[in-house]
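Student: My file is data_28.csv. It has CSV, C-alpha atoms:
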```
chain,number,residue,atom,x,y,z
A,28,MET,CA,147.6,-54.2,-86.7
A,29,ILE,CA,147.6,-53.8,-82.9
A,30,GLU,CA,150.2,-51.3,-81.7
A,31,TYR,CA,152.9,-52.7,-79.4
A,32,GLN,CA,156.2,-51.7,-78.0
A,33,MET,CA,159.2,-53.6,-79.6
A,34,SER,CA,161.5,-55.3,-77.2
A,35,LEU,CA,165.2,-54.3,-77.4
A,36,ILE,CA,166.0,-57.5,-79.3
A,37,GLU,CA,163.2,-57.0,-81.8
A,38,ALA,CA,164.3,-53.4,-82.4
A,39,PHE,CA,167.8,-54.7,-83.0
A,40,PHE,CA,166.7,-57.1,-85.7
A,41,TYR,CA,164.3,-54.5,-87.2
A,42,HIS,CA,167.0,-51.9,-87.6
A,43,TRP,CA,169.6,-54.4,-88.8
A,44,SER,CA,167.2,-55.6,-91.5
A,45,CYS,CA,166.3,-52.0,-92.5
A,46,SER,CA,170.0,-51.4,-93.1
A,47,TYR,CA,170.1,-53.9,-96.1
A,48,PRO,CA,170.3,-51.9,-99.4
A,49,MET,CA,167.6,-54.0,-101.0
A,50,ALA,CA,165.1,-52.8,-98.4
A,51,THR,CA,162.6,-50.8,-100.5
A,52,GLU,CA,159.8,-50.1,-98.0
A,53,LYS,CA,160.4,-49.6,-94.3
A,54,GLU,CA,157.2,-49.2,-92.3
A,55,LYS,CA,156.7,-49.7,-88.6
A,56,TYR,CA,157.1,-53.4,-87.9
A,57,HIS,CA,157.2,-54.3,-91.7
A,58,ILE,CA,160.0,-54.3,-94.2
A,59,VAL,CA,159.9,-55.1,-97.9
A,60,PHE,CA,162.9,-56.2,-99.9
A,61,GLN,CA,163.1,-56.4,-103.7
A,62,GLN,CA,165.7,-58.6,-105.3
A,63,ASN,CA,165.5,-59.5,-109.0
A,64,ASP,CA,162.1,-61.2,-109.4
A,65,LYS,CA,161.6,-61.9,-105.6
A,66,THR,CA,159.9,-59.8,-103.0
A,67,GLY,CA,160.7,-60.5,-99.4
A,68,THR,CA,158.9,-59.3,-96.3
A,69,ILE,CA,159.8,-59.3,-92.7
A,70,VAL,CA,157.0,-58.6,-90.3
A,71,PHE,CA,157.4,-58.1,-86.5
A,72,LEU,CA,154.0,-59.3,-85.1
A,73,GLY,CA,154.6,-58.5,-81.5
A,74,ASP,CA,155.5,-60.7,-78.5
A,75,LYS,CA,158.9,-61.4,-80.2
A,76,ILE,CA,157.1,-63.2,-83.1
A,77,VAL,CA,158.5,-62.7,-86.6
A,78,ASP,CA,157.3,-63.7,-90.1
A,79,LEU,CA,159.8,-64.0,-93.0
A,80,GLU,CA,158.4,-64.6,-96.4
A,81,ILE,CA,159.6,-64.5,-100.0
A,82,VAL,CA,157.3,-64.4,-103.0
A,83,GLN,CA,158.4,-65.2,-106.6
A,84,ASP,CA,156.0,-65.3,-109.6
A,85,ASP,CA,153.0,-64.8,-107.2
A,86,LYS,CA,153.9,-67.9,-105.2
A,87,ILE,CA,155.3,-68.1,-101.7
A,88,VAL,CA,158.7,-69.8,-102.1
A,89,PHE,CA,160.1,-69.2,-98.6
A,90,SER,CA,158.3,-68.9,-95.3
A,91,LEU,CA,159.4,-68.9,-91.6
A,92,HIS,CA,157.4,-68.0,-88.6
A,93,PHE,CA,159.2,-68.0,-85.3
A,94,MET,CA,159.8,-66.4,-81.9
A,95,ILE,CA,162.9,-64.4,-81.1
A,96,ASP,CA,164.4,-66.4,-78.3
A,97,ASP,CA,167.7,-68.2,-79.0
A,98,LEU,CA,169.8,-65.6,-80.7
A,99,ALA,CA,172.1,-68.0,-82.7
A,100,ILE,CA,169.0,-69.7,-84.2
A,101,VAL,CA,167.3,-66.4,-84.9
A,102,CYS,CA,170.4,-65.1,-86.7
A,103,ASP,CA,170.4,-68.3,-88.8
A,104,HIS,CA,166.7,-67.7,-89.7
A,105,PHE,CA,167.5,-64.2,-91.0
A,106,LYS,CA,170.7,-65.4,-92.7
A,107,SER,CA,168.7,-68.1,-94.5
A,108,PHE,CA,166.1,-65.5,-95.6
A,109,PHE,CA,168.6,-63.2,-97.1
A,110,GLU,CA,170.6,-66.0,-98.7
A,111,PHE,CA,167.4,-67.3,-100.4
A,112,LEU,CA,166.4,-63.8,-101.4
A,113,ASN,CA,169.8,-63.3,-103.1
A,114,GLU,CA,170.1,-66.6,-104.9
A,115,THR,CA,169.3,-66.7,-108.6
A,116,GLN,CA,168.5,-70.4,-108.5
A,117,THR,CA,166.5,-71.8,-105.7
A,118,ASN,CA,165.9,-75.2,-104.3
A,119,SER,CA,167.9,-77.6,-106.4
A,120,ASN,CA,165.8,-80.5,-107.5
A,121,GLU,CA,167.8,-82.9,-105.5
A,122,GLU,CA,167.2,-86.5,-106.5
A,123,ILE,CA,165.7,-88.7,-103.7
A,124,VAL,CA,168.1,-91.5,-102.8
A,125,ILE,CA,167.0,-94.2,-100.3
A,126,HIS,CA,170.0,-95.6,-98.5
A,127,ASN,CA,168.2,-97.0,-95.5
A,128,PRO,CA,164.8,-98.6,-96.5
A,129,ASN,CA,164.2,-99.7,-92.9
A,130,ILE,CA,162.8,-96.3,-91.9
A,131,LYS,CA,159.0,-96.9,-91.3
A,132,LYS,CA,157.9,-94.0,-89.0
A,133,ILE,CA,158.9,-90.4,-89.2
A,134,LEU,CA,157.8,-87.6,-86.9
A,135,PHE,CA,158.0,-83.8,-87.6
A,136,VAL,CA,157.8,-81.5,-84.6
A,137,CYS,CA,157.5,-77.8,-84.2
A,138,SER,CA,156.3,-75.4,-81.5
A,139,SER,CA,152.6,-75.6,-82.2
A,140,GLY,CA,152.3,-78.5,-84.7
A,141,VAL,CA,151.1,-76.4,-87.6
A,142,SER,CA,154.1,-76.2,-89.8
A,143,SER,CA,155.2,-79.7,-88.8
A,144,SER,CA,151.8,-80.9,-90.0
A,145,TYR,CA,152.3,-79.3,-93.4
A,146,PHE,CA,155.7,-80.9,-93.7
A,147,ALA,CA,154.4,-84.3,-92.7
A,148,GLN,CA,151.7,-84.2,-95.4
A,149,LYS,CA,154.1,-83.1,-98.1
A,150,ILE,CA,156.8,-85.6,-97.1
A,151,GLU,CA,154.3,-88.4,-97.0
A,152,LYS,CA,153.0,-87.5,-100.4
A,153,GLU,CA,156.5,-87.6,-101.9
A,154,LEU,CA,157.2,-91.0,-100.2
A,155,LYS,CA,154.0,-92.4,-101.7
A,156,LEU,CA,155.0,-91.3,-105.1
A,157,LYS,CA,158.3,-93.3,-104.6
A,158,LYS,CA,156.1,-96.3,-103.5
A,159,LEU,CA,157.5,-96.2,-100.0
A,160,ASP,CA,155.2,-97.3,-97.2
A,161,VAL,CA,156.3,-94.9,-94.4
A,162,GLN,CA,154.1,-93.4,-91.7
A,163,VAL,CA,154.7,-89.7,-91.4
A,164,ASP,CA,153.2,-87.8,-88.5
A,165,SER,CA,153.5,-84.4,-86.8
A,166,THR,CA,153.2,-83.1,-83.3
A,167,TYR,CA,154.0,-80.1,-81.1
A,168,LEU,CA,157.0,-79.8,-78.8
A,169,HIS,CA,155.2,-80.2,-75.5
A,170,HIS,CA,153.6,-83.5,-76.6
A,171,LEU,CA,156.9,-85.0,-78.0
A,172,SER,CA,158.0,-86.8,-74.9
A,173,ASN,CA,154.6,-88.7,-75.0
A,174,CYS,CA,155.2,-90.2,-78.4
A,175,ILE,CA,158.9,-90.0,-79.4
A,176,GLU,CA,159.8,-93.6,-78.8
A,177,GLN,CA,157.2,-94.7,-81.4
A,178,TYR,CA,159.3,-93.3,-84.3
A,179,ASP,CA,162.5,-94.2,-86.1
A,180,ILE,CA,163.4,-90.5,-86.8
A,181,VAL,CA,162.2,-87.2,-85.4
A,182,PHE,CA,162.8,-84.0,-87.3
A,183,PHE,CA,162.9,-80.7,-85.4
A,184,ALA,CA,161.7,-77.5,-87.1
A,185,PRO,CA,164.4,-74.8,-86.9
A,186,GLN,CA,162.2,-72.7,-84.5
A,187,ILE,CA,162.7,-75.4,-81.8
A,188,VAL,CA,166.1,-76.9,-82.7
A,189,SER,CA,167.5,-75.6,-79.5
A,190,HIS,CA,165.5,-78.3,-77.7
A,191,ILE,CA,166.9,-81.2,-79.6
A,192,HIS,CA,169.5,-82.0,-76.9
A,193,GLU,CA,166.5,-82.8,-74.5
A,194,TYR,CA,165.5,-85.7,-76.7
A,195,GLU,CA,168.8,-87.3,-77.7
A,196,ASN,CA,168.6,-90.0,-75.1
A,197,TYR,CA,165.4,-91.7,-76.2
A,198,GLY,CA,167.1,-94.1,-78.6
A,199,VAL,CA,165.5,-92.3,-81.6
A,200,LYS,CA,167.5,-90.5,-84.3
A,201,VAL,CA,166.7,-86.8,-83.9
A,202,ILE,CA,167.6,-84.3,-86.7
A,203,GLY,CA,167.3,-80.5,-86.8
A,204,ILE,CA,166.1,-79.1,-90.1
A,205,HIS,CA,168.1,-76.1,-91.2
A,206,SER,CA,166.1,-72.9,-91.5
A,207,TYR,CA,167.0,-72.6,-95.2
A,208,ASP,CA,165.7,-76.0,-96.0
A,209,PHE,CA,162.6,-75.6,-93.8
A,210,GLY,CA,161.8,-72.1,-95.1
A,211,SER,CA,162.2,-73.1,-98.7
A,212,TRP,CA,160.3,-76.4,-98.3
A,213,ASN,CA,163.3,-78.5,-99.6
A,214,PHE,CA,161.4,-81.7,-99.1
A,215,ASN,CA,163.7,-83.9,-101.2
A,216,LYS,CA,166.7,-82.9,-99.1
A,217,ILE,CA,164.8,-83.7,-95.9
A,218,ILE,CA,163.8,-87.1,-97.3
A,219,ASN,CA,167.4,-87.8,-98.1
A,220,MET,CA,168.4,-86.9,-94.5
A,221,ALA,CA,165.8,-89.4,-93.2
A,222,PHE,CA,167.0,-92.3,-95.4
A,223,ALA,CA,170.7,-91.6,-95.2
```
Could you show the structure in this file as structure tokens?
Tutor:
Amino acid sequence: MIEYQMSLIEAFFYHWSCSYPMATEKEKYHIVFQQNDKTGTIVFLGDKIVDLEIVQDDKIVFSLHFMIDDLAIVCDHFKSFFEFLNETQTNSNEEIVIHNPNIKKILFVCSSGVSSSYFAQKIEKELKLKKLDVQVDSTYLHHLSNCIEQYDIVFFAPQIVSHIHEYENYGVKVIGIHSYDFGSWNFNKIINMAFA
């Protein structure tokens, strides 16, 4: 790993995270947490970028990658990480309920288009299993204004939810995905939000 100097805000979140009693390993820029059968890691990658990840039974069950910028949103990311780590039951198998079958085009947006692309693929697969003919796409934030009006609903990844107000006047329903649901890949809940 390349050596870098933590910013003051990164140092705050690093030391705050290290103070949790379940922190079992505390290395420079990397903290490991053990809780029951889950292992959580927080990695400070530099340039205010952080990875939060939880593994259970050798599978990644929670993952968030974000930049430390909006403090309220960043606090929510960390809170979601620790809530998920502490829960004994994760991701309820919420039943998909379609209240509004008129939704035909859904867009997922994140900062770079990578995680939104993953979400779009998974959601589209779930919708096909339900025999719903819905186009599900993804894009990155700086391209959104070029395509937003083509969609019925636009979902914002938690990393960019602070930008949602910039897109509320396009006549398209915009929804911010909570970091807990995004990080834990709670696809059924997100589908229900789309078709509510």
Student: Using all atoms listed in the file, pick whichever of A:Ile180, A:Leu79, A:Leu98, A:Ile133 has the shortest atom-to-atom distance to Glu151 of chain A.
Tutor: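 Of all the options, A:Ile133 lies closest to Glu151 of chain A.
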Student: In Å to one decimal, how far is atom CA of Phe105 of chain A from atom CA of Ala38 of chain A?
Tutor: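 Taking atom CA of Ala38 of chain A and atom CA of Phe105 of chain A, their separation equals 14.2 Å.
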Student: My list of candidates is A:Ile125, A:Val77, A:Ile69, A:Ile58. Which is closest to Lys157 of chain A when distances are computed with all atoms listed in the file?
Tutor: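 For Lys157 of chain A, the nearest of the candidates is A:Ile125.
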Student: When you look at Asn213 of chain A with a cut-off of 12 Å (counting all atoms listed in the file), what residues show up, excluding the ones that are within fewer than 3 positions of it in the same chain? I need them as a CSV table (one decimal) with C-alpha atoms, in the coordinates of the input.
Tutor:
```
chain,number,residue,atom,x,y,z
A,88,VAL,CA,158.7,-69.8,-102.1
A,89,PHE,CA,160.1,-69.2,-98.6
A,90,SER,CA,158.3,-68.9,-95.3
A,111,PHE,CA,167.4,-67.3,-100.4
A,117,THR,CA,166.5,-71.8,-105.7
A,118,ASN,CA,165.9,-75.2,-104.3
A,119,SER,CA,167.9,-77.6,-106.4
A,120,ASN,CA,165.8,-80.5,-107.5
A,121,GLU,CA,167.8,-82.9,-105.5
A,122,GLU,CA,167.2,-86.5,-106.5
A,123,ILE,CA,165.7,-88.7,-103.7
A,146,PHE,CA,155.7,-80.9,-93.7
A,149,LYS,CA,154.1,-83.1,-98.1
A,150,ILE,CA,156.8,-85.6,-97.1
A,153,GLU,CA,156.5,-87.6,-101.9
A,204,ILE,CA,166.1,-79.1,-90.1
A,205,HIS,CA,168.1,-76.1,-91.2
A,206,SER,CA,166.1,-72.9,-91.5
A,207,TYR,CA,167.0,-72.6,-95.2
A,208,ASP,CA,165.7,-76.0,-96.0
A,209,PHE,CA,162.6,-75.6,-93.8
A,210,GLY,CA,161.8,-72.1,-95.1
A,216,LYS,CA,166.7,-82.9,-99.1
A,217,ILE,CA,164.8,-83.7,-95.9
A,218,ILE,CA,163.8,-87.1,-97.3
A,219,ASN,CA,167.4,-87.8,-98.1
A,220,MET,CA,168.4,-86.9,-94.5
```
Student: Just how far from atom CA of Leu168 of chain A is atom CA of Asn196 of chain A, in Å to one decimal?
Tutor: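 Separation between atom CA of Asn196 of chain A and atom CA of Leu168 of chain A: 15.9 Å.
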Student: Which polymer residues have any atom within 12 Å of an atom of Ile36 of chain A, counting all atoms listed in the file, with same-chain residues fewer than 6 positions away left out, as a list in words?
Tutor: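 The contact residues come out as His42, Trp43, Phe71, Gly73, Asp74, Lys75, Ile76, Val77, Met94, Ile95, Asp96, Asp97, Leu98, Val101 and Cys102 of chain A.
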Student: Which is closer to Trp212 of chain A than all the others in A:Val163, A:Leu154, A:Leu91, A:Phe60, using all atoms listed in the file?
Tutor: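 Smallest separation from Trp212 of chain A among the options: A:Leu91.
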Student: Would you compute the distance between atom CA of His104 of chain A and atom CA of Glu37 of chain A? Give it in Å to one decimal.
Tutor: 13.8 Å
Student: May I ask which of the residues A:Glu54, A:Asp179, A:Asp85, A:Glu195 is the closest one to Gln162 of chain A, counting all atoms listed in the file?
Tutor: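 Among A:Glu54, A:Asp179, A:Asp85, A:Glu195, it is A:Asp179 that comes nearest to Gln162 of chain A.
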Student: Would you mind telling me which residue in A:Ser139, A:Ser46, A:Asn113, A:Asn127 lies nearest to Gln61 of chain A when using all atoms listed in the file?
Tutor: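 Of A:Ser139, A:Ser46, A:Asn113, A:Asn127, the one nearest Gln61 of chain A, counting all atoms listed in the file, is A:Asn113.
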Student: Using all atoms listed in the file, find the one residue out of A:Gln177, A:Gln148, A:Ser34, A:Gln186 that sits nearest to Lys132 of chain A.
Tutor: A:Gln177
